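A.B. asks: Enclosed is the structure file work_10.cif (mmCIF, C-alpha atoms (C1' of nucleotides)).
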```
data_start
loop_
_atom_site.label_atom_id
_atom_site.label_comp_id
_atom_site.auth_asym_id
_atom_site.auth_seq_id
_atom_site.Cartn_x
_atom_site.Cartn_y
_atom_site.Cartn_z
CA MET K 197 36.34 0.83 24.72
CA THR K 198 34.30 2.16 27.61
CA ALA K 199 30.70 3.26 27.49
CA VAL K 200 29.95 6.89 26.86
CA PRO K 201 28.41 8.62 29.88
CA PRO K 202 24.93 9.96 29.20
CA GLU K 203 26.06 13.50 30.02
CA ARG K 204 28.28 13.56 26.98
CA ALA K 205 27.11 16.44 24.83
CA ASP K 206 28.39 15.46 21.43
CA LEU K 207 28.88 12.53 19.15
CA TYR K 208 31.05 9.49 19.73
CA GLY K 209 33.65 10.43 17.14
CA SER K 210 33.89 13.13 14.48
CA SER K 211 30.57 14.35 13.14
CA ARG K 212 32.24 14.88 9.77
CA ASP K 213 33.20 11.21 9.63
CA PHE K 214 29.73 10.25 10.78
CA ALA K 215 28.04 12.27 8.05
CA THR K 216 30.38 10.87 5.44
CA ALA K 217 29.75 7.26 6.44
CA LEU K 218 26.02 7.91 6.44
CA ALA K 219 26.14 9.53 3.00
CA VAL K 220 28.09 6.63 1.53
CA TRP K 221 25.49 4.19 2.85
CA PHE K 222 22.58 6.31 1.58
CA ASN K 223 24.05 6.71 -1.89
CA SER K 224 24.60 2.98 -2.23
CA SER K 225 21.11 1.90 -1.21
CA HIS K 226 17.95 3.86 -0.57
CA ARG K 227 14.27 3.63 -1.34
CA LYS K 228 12.88 5.42 -4.34
CA MET K 229 10.28 8.06 -3.54
CA PRO K 230 8.62 10.50 -5.95
CA TRP K 231 9.40 13.52 -3.76
CA ARG K 232 13.08 12.62 -3.95
CA GLU K 233 12.97 13.02 -7.73
CA THR K 234 11.91 16.66 -7.70
CA ARG K 235 13.15 20.04 -6.51
CA ASP K 236 9.76 21.69 -6.89
CA PRO K 237 9.18 23.34 -3.50
CA TYR K 238 5.42 22.88 -3.80
CA ALA K 239 5.71 19.13 -4.40
CA ILE K 240 8.24 18.77 -1.58
CA TRP K 241 6.12 20.88 0.75
CA LEU K 242 3.09 18.71 -0.02
CA SER K 243 5.07 15.55 0.68
CA GLU K 244 6.38 16.87 3.99
CA ILE K 245 2.89 17.76 5.19
CA MET K 246 1.46 14.39 4.16
CA LEU K 247 4.39 12.62 5.80
CA GLN K 248 3.83 14.23 9.21
CA GLN K 249 3.07 11.32 11.57
CA THR K 250 2.38 9.18 8.50
CA GLN K 251 4.45 6.40 6.97
CA VAL K 252 5.91 6.62 3.49
CA GLU K 253 3.90 3.73 2.07
CA THR K 254 0.65 5.32 3.20
CA VAL K 255 1.48 8.62 1.53
CA ARG K 256 2.51 7.40 -1.94
CA GLY K 257 -0.97 7.06 -3.46
CA TYR K 258 -2.33 10.25 -1.91
CA TYR K 259 0.67 12.26 -3.07
CA ASP K 260 0.42 11.30 -6.74
CA ARG K 261 -3.34 11.84 -6.94
CA PHE K 262 -3.12 15.18 -5.16
CA LEU K 263 -0.36 16.53 -7.41
CA ALA K 264 -2.15 15.36 -10.53
CA LYS K 265 -5.29 17.21 -9.44
CA TRP K 266 -3.55 20.42 -8.31
CA PRO K 267 -0.14 20.61 -10.03
CA THR K 268 0.79 24.09 -8.79
CA ILE K 269 0.30 26.30 -5.75
CA ALA K 270 -2.01 28.53 -7.80
CA ASP K 271 -4.16 25.51 -8.71
CA LEU K 272 -4.44 24.50 -5.07
CA ALA K 273 -5.18 28.03 -3.90
CA ALA K 274 -8.07 28.19 -6.36
CA ALA K 275 -9.49 24.80 -5.41
CA VAL K 276 -12.85 24.15 -3.76
CA ASP K 277 -12.30 23.36 -0.08
CA GLY K 278 -14.50 20.28 -0.14
CA ASP K 279 -12.63 18.82 -3.10
CA VAL K 280 -9.32 19.19 -1.31
CA MET K 281 -10.71 17.60 1.85
CA LYS K 282 -12.03 14.73 -0.28
CA ALA K 283 -8.53 14.16 -1.66
CA TRP K 284 -7.26 14.00 1.93
CA GLU K 285 -10.02 11.63 3.08
CA GLY K 286 -8.56 8.71 5.02
CA LEU K 287 -5.15 10.28 5.56
CA GLY K 288 -6.04 11.63 9.00
CA TYR K 289 -4.98 14.73 10.94
CA TYR K 290 -7.24 16.85 8.80
CA ALA K 291 -5.96 20.15 10.18
CA ARG K 292 -2.95 19.47 7.95
CA CYS K 293 -5.22 19.70 4.93
CA ARG K 294 -6.91 22.90 6.05
CA ASN K 295 -3.54 24.46 6.88
CA LEU K 296 -2.12 23.38 3.53
CA LEU K 297 -4.93 25.10 1.66
CA ALA K 298 -4.68 28.23 3.82
CA ALA K 299 -0.92 28.34 3.26
CA ALA K 300 -1.34 28.01 -0.51
CA ARG K 301 -3.67 31.01 -0.50
CA LYS K 302 -1.27 32.95 1.69
CA ILE K 303 1.59 32.22 -0.73
CA VAL K 304 -0.52 33.53 -3.60
CA SER K 305 -1.56 36.68 -1.76
CA GLU K 306 1.68 37.48 0.04
CA HIS K 307 4.47 35.84 -1.95
CA ASP K 308 3.26 36.31 -5.50
CA GLY K 309 2.54 32.60 -5.76
CA LEU K 310 6.18 31.63 -5.23
CA PHE K 311 7.13 29.39 -2.32
CA PRO K 312 9.31 31.51 0.02
CA ARG K 313 13.03 30.74 0.37
CA GLU K 314 13.54 32.42 3.75
CA PHE K 315 13.29 30.23 6.83
CA ASP K 316 11.20 32.67 8.87
CA GLN K 317 8.73 33.13 6.04
CA VAL K 318 8.37 29.38 5.60
CA LEU K 319 7.94 28.91 9.34
CA ALA K 320 5.16 31.52 9.29
CA LEU K 321 3.04 29.39 6.97
CA PRO K 322 0.27 27.45 8.75
CA GLY K 323 1.05 23.79 9.35
CA ILE K 324 4.82 24.26 9.00
CA GLY K 325 6.94 24.00 12.14
CA ARG K 326 10.67 24.11 12.72
CA SER K 327 11.41 20.63 11.40
CA THR K 328 9.18 20.77 8.33
CA ALA K 329 10.53 24.20 7.40
CA GLY K 330 14.07 22.86 7.51
CA ALA K 331 13.14 19.80 5.50
CA ILE K 332 11.48 21.79 2.72
CA LEU K 333 14.30 24.31 2.41
CA THR K 334 16.92 21.56 2.38
CA PHE K 335 15.16 19.31 -0.12
CA ALA K 336 13.90 22.04 -2.45
CA PHE K 337 16.75 24.55 -2.39
CA GLY K 338 19.71 22.65 -0.95
CA GLN K 339 19.86 24.92 2.07
CA ARG K 340 21.56 23.71 5.26
CA HIS K 341 18.92 23.32 7.98
CA PRO K 342 18.57 20.77 10.79
CA LEU K 343 15.51 18.57 11.14
CA LEU K 344 14.20 16.61 14.07
CA ASP K 345 11.39 14.18 13.41
CA GLY K 346 10.59 10.86 15.02
CA ASN K 347 13.24 9.02 13.03
CA VAL K 348 15.99 11.52 13.82
CA LYS K 349 15.04 11.60 17.50
CA ARG K 350 15.38 7.84 17.75
CA VAL K 351 18.68 7.75 15.86
CA LEU K 352 20.22 10.55 17.93
CA SER K 353 18.92 9.27 21.26
CA ARG K 354 20.77 6.03 20.50
CA LEU K 355 23.88 7.67 19.12
CA LEU K 356 24.17 9.69 22.33
CA ASP K 357 22.63 7.01 24.57
CA ILE K 358 20.23 9.49 26.14
CA ALA K 359 18.78 7.99 29.33
CA GLU K 360 16.12 10.65 30.01
CA PRO K 361 12.64 10.55 28.41
CA VAL K 362 12.67 12.33 25.06
CA THR K 363 9.54 14.31 25.95
CA GLY K 364 11.32 16.93 28.08
CA LYS K 365 12.53 20.30 26.87
CA ALA K 366 16.12 19.80 28.00
CA VAL K 367 16.46 16.65 25.90
CA ASP K 368 14.67 18.31 23.02
CA ASP K 369 17.09 21.24 23.10
CA ARG K 370 20.00 18.83 23.15
CA LEU K 371 18.67 16.86 20.20
CA TRP K 372 18.24 20.05 18.21
CA ALA K 373 21.81 21.04 19.08
CA VAL K 374 23.12 17.69 17.88
CA THR K 375 21.11 17.59 14.66
CA SER K 376 22.30 21.17 13.99
CA GLN K 377 25.92 20.15 14.53
CA LEU K 378 25.55 17.17 12.22
CA ILE K 379 23.95 19.08 9.36
CA GLY K 380 26.59 21.76 9.81
CA ASP K 381 29.37 19.25 9.23
CA ALA K 382 27.68 17.21 6.51
CA PRO K 383 29.19 17.25 3.01
CA ASP K 384 25.76 17.53 1.36
CA PRO K 385 22.73 18.82 3.31
CA TRP K 386 20.18 17.18 0.98
CA VAL K 387 21.84 13.79 1.23
CA HIS K 388 22.41 14.10 4.97
CA ASN K 389 18.85 14.94 5.92
CA GLN K 390 17.46 12.26 3.63
CA ALA K 391 19.97 9.77 4.97
CA VAL K 392 19.27 10.26 8.68
CA MET K 393 15.56 9.72 8.13
CA GLU K 394 16.21 6.73 5.90
CA LEU K 395 18.47 5.26 8.56
CA GLY K 396 15.73 5.66 11.16
CA ALA K 397 13.11 4.15 8.89
CA ARG K 398 15.09 1.12 7.70
CA GLN K 399 17.98 0.32 10.06
CA CYS K 400 17.57 2.15 13.35
CA VAL K 401 13.95 1.02 13.74
CA PRO K 402 12.12 1.00 17.11
CA ARG K 403 12.09 -2.79 17.57
CA GLU K 404 14.74 -5.18 16.34
CA PRO K 405 17.09 -2.53 14.97
CA LYS K 406 19.54 -3.87 12.41
CA CYS K 407 22.67 -2.84 14.26
CA LEU K 408 24.85 -5.48 12.57
CA LEU K 409 24.22 -3.78 9.23
CA CYS K 410 24.37 -0.22 10.54
CA PRO K 411 26.75 2.08 8.63
CA VAL K 412 27.35 4.26 11.71
CA ARG K 413 27.55 1.51 14.28
CA SER K 414 30.98 2.61 15.45
CA PHE K 415 29.63 6.07 16.32
CA CYS K 416 26.77 4.78 18.48
CA ALA K 417 27.07 5.17 22.24
CA ALA K 418 24.04 2.97 22.91
CA GLN K 419 25.63 0.26 20.80
CA ALA K 420 28.78 0.48 22.92
CA ALA K 421 26.75 0.48 26.13
CA GLY K 422 24.37 -2.28 25.06
CA THR K 423 21.33 -0.05 25.60
CA VAL K 424 20.06 0.29 22.03
CA LEU K 425 16.75 -1.44 22.78
CA GLN K 426 16.15 0.88 25.73
CA ARG K 427 16.51 4.04 23.61
CA PRO K 428 14.70 6.29 23.19
CA VAL K 429 13.24 6.29 26.68
CA LYS K 430 9.47 6.79 26.55
CA VAL K 431 6.91 7.15 29.29
CA LYS K 432 4.09 4.64 29.14
CA LYS K 433 0.78 6.05 28.06
CA PRO K 434 -2.30 5.58 30.28
CA PRO K 435 -5.20 3.54 28.90
CA VAL K 436 -7.54 5.55 26.70
CA PRO K 437 -11.29 5.93 27.32
CA HIS K 438 -13.77 3.89 25.31
CA LYS K 439 -17.01 5.66 24.32
CA GLN K 440 -20.27 4.23 23.05
CA ILE K 441 -21.53 6.36 20.15
CA ALA K 442 -25.03 6.10 18.71
CA VAL K 443 -25.74 7.55 15.25
CA ALA K 444 -28.86 8.02 13.16
CA VAL K 445 -29.12 7.12 9.49
CA ILE K 446 -32.25 9.15 8.83
CA VAL K 447 -34.06 7.98 5.70
CA ALA K 448 -36.55 9.96 3.61
CA GLY K 449 -37.46 8.29 0.34
CA ASP K 450 -34.17 7.52 -1.40
CA LYS K 451 -32.23 10.16 0.54
CA LEU K 452 -30.18 10.21 3.72
CA TYR K 453 -29.37 13.05 6.08
CA VAL K 454 -25.71 14.04 6.56
CA GLN K 455 -24.06 17.05 8.16
CA GLN K 456 -20.66 18.73 8.19
CA ARG K 457 -18.58 19.05 11.35
CA PRO K 458 -17.15 22.41 12.41
CA HIS K 459 -13.78 23.26 10.87
CA GLU K 460 -11.89 23.29 14.15
CA GLY K 461 -11.32 20.25 16.34
CA LEU K 462 -11.60 16.53 15.76
CA LEU K 463 -12.32 15.53 12.15
CA GLY K 464 -12.87 19.19 11.36
CA GLY K 465 -14.73 19.90 8.14
CA LEU K 466 -15.66 16.27 7.48
CA TRP K 467 -19.19 15.02 6.93
CA GLU K 468 -20.98 12.52 9.16
CA PHE K 469 -24.25 11.01 10.21
CA PRO K 470 -25.68 12.79 13.28
CA GLY K 471 -25.28 11.20 16.68
CA GLY K 472 -23.35 11.33 19.91
CA LYS K 473 -22.14 9.74 23.10
CA GLN K 474 -24.29 7.42 25.15
CA GLU K 475 -24.97 8.84 28.63
CA ASP K 476 -25.21 6.75 31.76
CA SER K 477 -28.52 4.93 32.26
CA GLU K 478 -29.54 5.47 28.67
CA THR K 479 -30.23 2.87 26.01
CA LEU K 480 -28.61 3.34 22.61
CA GLU K 481 -32.03 3.97 21.07
CA GLU K 482 -32.61 6.69 23.65
CA THR K 483 -29.26 8.21 22.76
CA VAL K 484 -30.24 8.39 19.09
CA LEU K 485 -33.56 10.00 19.98
CA ARG K 486 -31.95 12.56 22.30
CA GLU K 487 -29.14 13.46 19.91
CA CYS K 488 -31.61 14.07 17.09
CA GLN K 489 -33.61 16.32 19.39
CA GLU K 490 -30.54 18.22 20.58
CA GLU K 491 -28.59 18.43 17.33
CA LEU K 492 -31.40 18.69 14.79
CA GLY K 493 -34.45 19.78 16.78
CA ILE K 494 -36.53 16.94 15.35
CA THR K 495 -38.17 13.80 16.66
CA VAL K 496 -37.30 10.50 15.03
CA ALA K 497 -38.62 6.99 15.21
CA VAL K 498 -35.66 4.71 15.85
CA GLY K 499 -35.73 1.59 13.71
CA ARG K 500 -33.43 -1.28 12.90
CA LYS K 501 -29.81 -1.41 14.05
CA ILE K 502 -27.66 -1.68 10.96
CA ALA K 503 -24.08 -1.60 12.16
CA GLU K 504 -21.72 -1.78 15.12
CA ILE K 505 -18.32 -0.42 14.24
CA ARG K 506 -15.24 -0.18 16.44
CA HIS K 507 -12.65 2.48 15.74
CA ALA K 508 -9.54 3.84 17.48
CA TYR K 509 -8.51 7.49 17.49
CA SER K 510 -5.25 8.82 18.86
CA HIS K 511 -6.53 9.40 22.41
CA PHE K 512 -9.79 7.43 22.72
CA ARG K 513 -11.73 4.55 21.21
CA ILE K 514 -15.32 4.27 20.16
CA THR K 515 -17.92 1.71 19.34
CA MET K 516 -20.34 3.27 16.91
CA HIS K 517 -23.88 1.87 16.91
CA ALA K 518 -25.91 2.91 13.86
CA TYR K 519 -29.72 2.87 13.56
CA PHE K 520 -32.07 3.55 10.71
CA CYS K 521 -34.48 6.35 11.61
CA VAL K 522 -37.35 8.31 10.10
CA GLN K 523 -38.47 11.77 11.09
CA VAL K 524 -41.78 12.00 12.98
CA GLY K 525 -43.57 15.31 12.40
CA GLN K 526 -42.76 18.22 10.13
CA GLU K 527 -40.29 20.40 12.08
CA PRO K 528 -37.53 21.78 9.87
CA ILE K 529 -34.10 20.47 10.74
CA ALA K 530 -31.94 22.97 12.64
CA ALA K 531 -28.42 21.61 12.32
CA ARG K 532 -26.99 23.01 15.56
CA ALA K 533 -23.91 20.81 15.76
CA ALA K 534 -23.02 21.31 12.12
CA ILE K 535 -21.93 24.04 9.72
CA ALA K 536 -23.87 22.53 6.81
CA SER K 537 -26.34 19.73 6.18
CA ARG K 538 -27.80 17.91 3.18
CA TRP K 539 -30.24 15.25 2.11
CA VAL K 540 -28.38 13.10 -0.40
CA THR K 541 -28.86 9.87 -2.29
CA ARG K 542 -26.48 7.08 -1.46
CA ASP K 543 -24.56 7.60 -4.70
CA ALA K 544 -23.98 11.26 -3.81
CA LEU K 545 -22.20 10.32 -0.58
CA ASP K 546 -19.12 9.63 -2.68
CA ALA K 547 -18.54 13.34 -3.31
CA LEU K 548 -18.19 14.16 0.39
CA ALA K 549 -15.31 13.45 2.77
CA PHE K 550 -16.17 11.19 5.72
CA PRO K 551 -14.14 9.85 8.66
CA LYS K 552 -13.12 6.20 8.57
CA ALA K 553 -15.84 4.93 10.92
CA ASN K 554 -18.48 6.66 8.79
CA LYS K 555 -16.92 5.17 5.65
CA ASP K 556 -17.31 1.73 7.19
CA LEU K 557 -20.93 2.52 7.98
CA ILE K 558 -21.58 3.79 4.45
CA ALA K 559 -20.19 0.56 3.01
CA ILE K 560 -22.85 -1.31 4.98
CA VAL K 561 -25.61 1.14 4.06
CA MET K 562 -24.75 0.81 0.38
CA GLY K 563 -25.54 -2.88 0.49
CA ASP K 564 -28.74 -2.53 2.51
CA HIS K 565 -32.35 -2.60 1.38
CA LEU K 566 -32.81 0.69 3.22
CA GLU K 567 -36.05 -0.13 5.05
CA LEU K 568 -36.74 0.93 8.59
CA THR K 569 -37.57 -2.48 10.04
"C1'" DA R 1500 4.63 20.72 29.83
"C1'" DA R 1501 0.62 18.46 28.43
"C1'" DA R 1502 -3.24 17.66 25.47
"C1'" DT R 1503 -5.12 17.43 20.96
"C1'" DC R 1504 -5.27 15.58 16.48
"C1'" DG R 1505 -6.37 9.90 12.41
"C1'" DG R 1506 -5.43 6.11 10.33
"C1'" DG R 1507 -2.58 2.39 8.98
"C1'" DG R 1508 1.85 -0.68 9.29
"C1'" DG R 1509 3.92 -4.17 11.56
"C1'" DC R 1510 4.67 -7.22 15.02
"C1'" DG N 550 -3.51 -5.49 21.37
"C1'" DC N 551 0.41 -2.28 21.24
"C1'" DC N 552 3.77 1.17 19.57
"C1'" DC N 553 5.06 3.98 16.01
"C1'" DC N 554 4.96 7.06 12.05
"C1'" DA N 555 9.34 12.93 7.46
"C1'" DG N 556 4.91 17.03 13.96
"C1'" DA N 557 2.14 21.21 14.54
"C1'" DT N 558 -0.90 23.70 17.26
"C1'" DT N 559 -3.45 24.81 21.23
"C1'" DT N 560 -4.02 25.10 26.14
#
```
So that I can check it, write out the structure of this file as structure tokens.

C.D. replies:
Amino acid sequence: MTAVPPERADLYGSSRDFATALAVWFNSSHRKMPWRETRDPYAIWLSEIMLQQTQVETVRGYYDRFLAKWPTIADLAAAVDGDVMKAWEGLGYYARCRNLLAAARKIVSEHDGLFPREFDQVLALPGIGRSTAGAILTFAFGQRHPLLDGNVKRVLSRLLDIAEPVTGKAVDDRLWAVTSQLIGDAPDPWVHNQAVMELGARQCVPREPKCLLCPVRSFCAAQAAGTVLQRPVKVKKPPVPHKQIAVAVIVAGDKLYVQQRPHEGLLGGLWEFPGGKQEDSETLEETVLRECQEELGITVAVGRKIAEIRHAYSHFRITMHAYFCVQVGQEPIAARAAIASRWVTRDALDALAFPKANKDLIAIVMGDHLELT
DNA sequence: AAATCGGGGGC
DNA sequence: GCCCCAGATTT
């Protein structure tokens, strides 16, 4: 059998046969997940949002706790924003959490509290794009919609042996066309969409794919061409910048100063210790002093260094240097870089949502004697 | 089309 | 260290 040319628009074989083989494999062996045991659109919606760019094993604990705390859309819509953010703490991509809460309130106000069943109405909810909308409507209501997530992209780019980078619009359009064709021919939309993602997560994995055990091996053009390991084609990412961040743990008696980041942008809505990026020709102590002047309008005495924490974000890295500080003088704090600020005891930190690097810092502060020098 | 947006899994 | 993950939104 000859290799399939990359221009080939459709599947290597009948898409009906493909979907059937995939469904047989899925029904015989698949992982158990709580969101596969329900048809509650709210629970499925929640799972789909948590699962965006996040692996199944990471989501499990968050999902159960979240549902137990807010069992219905009405419960979530009535929740306190900070409590919801706290439940999301550590899961990342916090705009998902803000959008989830906003969508819950929109469903209450515009859809009588019932999750919509129409694709366009689902797509209009914040945080829900084309793929997530299709996933929710398929898994909750059994509707027939295509999805295209990272797993499906990898599976299809191998099935069709796509030689162009998967970041372009032409390839994206083609992948959507193929996933639409497949779901259109599948015996059961629920099983099919679950099965393609399961295949990508367990068999058709990025490195060392288990092609010998693949249920749709005979349909795979990359398998025939021997190019499985080269698909999907990705462009190499440039190295990310590394910033030096200096932060102030300002102590007054048994209390510490913390502030809340603006809702938009990086780590939006989370709490943190004040600080910022080290400028050229500036010591870290000078950075702490300057940031407290600029962000809080106060002068501090910079004391003992208590932590040095490295952390990686999606598009840059930081080393966070933390110093104990005390305020010098009596100026009131003007939290210019924050939407709220508080003096709290160490025990009260637990009620607020912090980014991971700040959580690491707090763990150190909790075990410290809390003296300046 | 490219950049932004977290944190952890797994090698 | 690196790539990837049940992507969406903004620029």

A.B. asks: What is the distance between atom CA of Ile446 of chain K and atom CA of Thr515 of chain K, in Å to one decimal?

C.D. replies: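 That distance, rounded to one decimal, is 19.3 Å.
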
A.B. asks: Show me, as a tab-separated table, the residues of chain K having an atom within 7 Å of chain N, each with the closest atom pair and its distance in Å, using all atoms listed in the file.

C.D. replies:
```
residue	atom	partner	partner_atom	distance
K:Glu244	CA	N:DA555	C1'	6.0
K:Leu247	CA	N:DA555	C1'	5.2
K:Gln248	CA	N:DG556	C1'	5.6
K:Gln249	CA	N:DC554	C1'	4.7
K:Thr250	CA	N:DC554	C1'	4.9
K:Gln251	CA	N:DC554	C1'	5.1
K:Gly323	CA	N:DA557	C1'	5.9
K:Ile324	CA	N:DA557	C1'	6.9
K:Gly325	CA	N:DA557	C1'	6.0
K:Asp345	CA	N:DA555	C1'	6.4
```

A.B. asks: Would you kindly report the residues of chain R within 7 Å of chain K, using all atoms listed in the file, as a ChimeraX atom specification?

C.D. replies: /R:1504-1506

A.B. asks: To one decimal in Å, tell me the separation between atom CA of Gln440 of chain K and atom CA of Ile514 of chain K.

C.D. replies: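 The value is 5.7 Å.
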
A.B. asks: Determine, counting all atoms listed in the file, which protein, DNA and RNA residues have an atom within 12 Å of an atom of segment 420-424 of chain K; residues of the same chain fewer than 4 positions away are not included. Present the result as a ChimeraX atom specification.

C.D. replies: /K:197-202,208,350-359,400-407,412-416,428-429

A.B. asks: With all atoms listed in the file as the atoms that count, which of K:Ala366, K:Ala336, K:Leu466, K:Ala275 lies nearest to DA1500 of chain R?

C.D. replies: K:Ala366

A.B. asks: With distances taken over all atoms listed in the file, which of K:Ala518, K:Leu343, K:Ile535, K:Ala444 is nearest to Ile494 of chain K?

C.D. replies: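 For Ile494 of chain K, the nearest of the given residues is K:Ala444.
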
A.B. asks: At most 12 Å from (-32.0, 1.1, 1.8), file frame, all atoms listed in the file: which residues, as a PDB file with C-alpha atoms, keeping the file's coordinate frame?

C.D. replies:
```pdb
ATOM      1  CA  VAL K 445     -29.120   7.120   9.490  1.00  0.00           C
ATOM      2  CA  ILE K 446     -32.250   9.150   8.830  1.00  0.00           C
ATOM      3  CA  VAL K 447     -34.060   7.980   5.700  1.00  0.00           C
ATOM      4  CA  ALA K 448     -36.550   9.960   3.610  1.00  0.00           C
ATOM      5  CA  GLY K 449     -37.460   8.290   0.340  1.00  0.00           C
ATOM      6  CA  ASP K 450     -34.170   7.520  -1.400  1.00  0.00           C
ATOM      7  CA  LYS K 451     -32.230  10.160   0.540  1.00  0.00           C
ATOM      8  CA  LEU K 452     -30.180  10.210   3.720  1.00  0.00           C
ATOM      9  CA  ARG K 500     -33.430  -1.280  12.900  1.00  0.00           C
ATOM     10  CA  ILE K 502     -27.660  -1.680  10.960  1.00  0.00           C
ATOM     11  CA  PHE K 520     -32.070   3.550  10.710  1.00  0.00           C
ATOM     12  CA  CYS K 521     -34.480   6.350  11.610  1.00  0.00           C
ATOM     13  CA  THR K 541     -28.860   9.870  -2.290  1.00  0.00           C
ATOM     14  CA  ARG K 542     -26.480   7.080  -1.460  1.00  0.00           C
ATOM     15  CA  ASP K 543     -24.560   7.600  -4.700  1.00  0.00           C
ATOM     16  CA  ILE K 558     -21.580   3.790   4.450  1.00  0.00           C
ATOM     17  CA  ALA K 559     -20.190   0.560   3.010  1.00  0.00           C
ATOM     18  CA  ILE K 560     -22.850  -1.310   4.980  1.00  0.00           C
ATOM     19  CA  VAL K 561     -25.610   1.140   4.060  1.00  0.00           C
ATOM     20  CA  MET K 562     -24.750   0.810   0.380  1.00  0.00           C
ATOM     21  CA  GLY K 563     -25.540  -2.880   0.490  1.00  0.00           C
ATOM     22  CA  ASP K 564     -28.740  -2.530   2.510  1.00  0.00           C
ATOM     23  CA  HIS K 565     -32.350  -2.600   1.380  1.00  0.00           C
ATOM     24  CA  LEU K 566     -32.810   0.690   3.220  1.00  0.00           C
ATOM     25  CA  GLU K 567     -36.050  -0.130   5.050  1.00  0.00           C
ATOM     26  CA  LEU K 568     -36.740   0.930   8.590  1.00  0.00           C
ATOM     27  CA  THR K 569     -37.570  -2.480  10.040  1.00  0.00           C
TER      28      THR K 569
END
```

A.B. asks: Smallest atom-to-atom distance to Val220 of chain K: which of K:Asp368, K:Ala300, K:Cys410, K:Glu360, using only C-alpha atoms?

C.D. replies: K:Cys410

A.B. asks: Rounded to one decimal in Å, what is the spacing between atom CA of Lys430 of chain K and atom CA of Ala329 of chain K?

C.D. replies: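 Here the two named atoms are 25.9 Å from each other.
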
A.B. asks: Near Phe469 of chain K, within 8 Å and counting only C-alpha atoms (C1' of nucleotides), which residues show up once chain neighbours fewer than 2 positions away are dropped, as a list in words?

C.D. replies: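 Near Phe469 of chain K, the qualifying residues are Val443, Ala444, Val445, Tyr453, Val454, Gln455, Trp467, Gly471 and Asn554 of chain K.
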
A.B. asks: Within 12 Å of (-20.5, 6.5, 21.9), in the coordinates the file gives, what residues turn up when you count all atoms listed in the file, written out as a CSV table (one decimal) with C-alpha atoms, in the frame of the given file?

C.D. replies:
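Listing of result.csv after writing:
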```
chain,number,residue,atom,x,y,z
K,437,PRO,CA,-11.3,5.9,27.3
K,438,HIS,CA,-13.8,3.9,25.3
K,439,LYS,CA,-17.0,5.7,24.3
K,440,GLN,CA,-20.3,4.2,23.0
K,441,ILE,CA,-21.5,6.4,20.2
K,442,ALA,CA,-25.0,6.1,18.7
K,443,VAL,CA,-25.7,7.6,15.2
K,470,PRO,CA,-25.7,12.8,13.3
K,471,GLY,CA,-25.3,11.2,16.7
K,472,GLY,CA,-23.4,11.3,19.9
K,473,LYS,CA,-22.1,9.7,23.1
K,474,GLN,CA,-24.3,7.4,25.2
K,475,GLU,CA,-25.0,8.8,28.6
K,476,ASP,CA,-25.2,6.8,31.8
K,478,GLU,CA,-29.5,5.5,28.7
K,479,THR,CA,-30.2,2.9,26.0
K,480,LEU,CA,-28.6,3.3,22.6
K,481,GLU,CA,-32.0,4.0,21.1
K,483,THR,CA,-29.3,8.2,22.8
K,484,VAL,CA,-30.2,8.4,19.1
K,487,GLU,CA,-29.1,13.5,19.9
K,504,GLU,CA,-21.7,-1.8,15.1
K,505,ILE,CA,-18.3,-0.4,14.2
K,506,ARG,CA,-15.2,-0.2,16.4
K,507,HIS,CA,-12.6,2.5,15.7
K,512,PHE,CA,-9.8,7.4,22.7
K,513,ARG,CA,-11.7,4.6,21.2
K,514,ILE,CA,-15.3,4.3,20.2
K,515,THR,CA,-17.9,1.7,19.3
K,516,MET,CA,-20.3,3.3,16.9
K,517,HIS,CA,-23.9,1.9,16.9
K,518,ALA,CA,-25.9,2.9,13.9
```

A.B. asks: Let me make sure I understand: among K:Ala217, K:Leu378, K:Pro361, K:Arg301, which one has the smallest atom-to-atom distance to Val431 of chain K if we use all atoms listed in the file?

C.D. replies: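 Looking only at the distances to Val431 of chain K, the closest residue turns out to be K:Pro361.
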
A.B. asks: If we count all atoms listed in the file, what is near Ala298 of chain K at a cut-off of 12 Å, once residues fewer than 6 positions away on the same chain are taken out, given as a PyMOL selection string?

C.D. replies: chain K and resi 269-270+272-277+280+291-292+304-306+320-324

A.B. asks: Keeping only C-alpha atoms, write the selected residues to a file as a short mmCIF file (atom, residue, chain, number, x, y, z; two decimals), in the coordinates of the input.

C.D. replies:
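To be explicit, this is the file written out as part_23.cif:
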```
data_model
loop_
_atom_site.label_atom_id
_atom_site.label_comp_id
_atom_site.auth_asym_id
_atom_site.auth_seq_id
_atom_site.Cartn_x
_atom_site.Cartn_y
_atom_site.Cartn_z
CA ILE K 269 0.30 26.30 -5.75
CA ALA K 270 -2.01 28.53 -7.80
CA LEU K 272 -4.44 24.50 -5.07
CA ALA K 273 -5.18 28.03 -3.90
CA ALA K 274 -8.07 28.19 -6.36
CA ALA K 275 -9.49 24.80 -5.41
CA VAL K 276 -12.85 24.15 -3.76
CA ASP K 277 -12.30 23.36 -0.08
CA VAL K 280 -9.32 19.19 -1.31
CA ALA K 291 -5.96 20.15 10.18
CA ARG K 292 -2.95 19.47 7.95
CA VAL K 304 -0.52 33.53 -3.60
CA SER K 305 -1.56 36.68 -1.76
CA GLU K 306 1.68 37.48 0.04
CA ALA K 320 5.16 31.52 9.29
CA LEU K 321 3.04 29.39 6.97
CA PRO K 322 0.27 27.45 8.75
CA GLY K 323 1.05 23.79 9.35
CA ILE K 324 4.82 24.26 9.00
#
```

A.B. asks: Taking the file above as input, evaluate the PyMOL selection byres ((chain K and resi 373) around 12) and report the hits as a list in words.

C.D. replies: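 In the shown coordinates, the PyMOL selection byres ((chain K and resi 373) around 12) covers Ala205, Asp206, Leu207, His341, Pro342, Leu343, Leu344, Lys349, Leu352, Ala366, Val367, Asp368, Asp369, Arg370, Leu371, Trp372, Val374, Thr375, Ser376, Gln377, Leu378, Ile379 and Gly380 of chain K.
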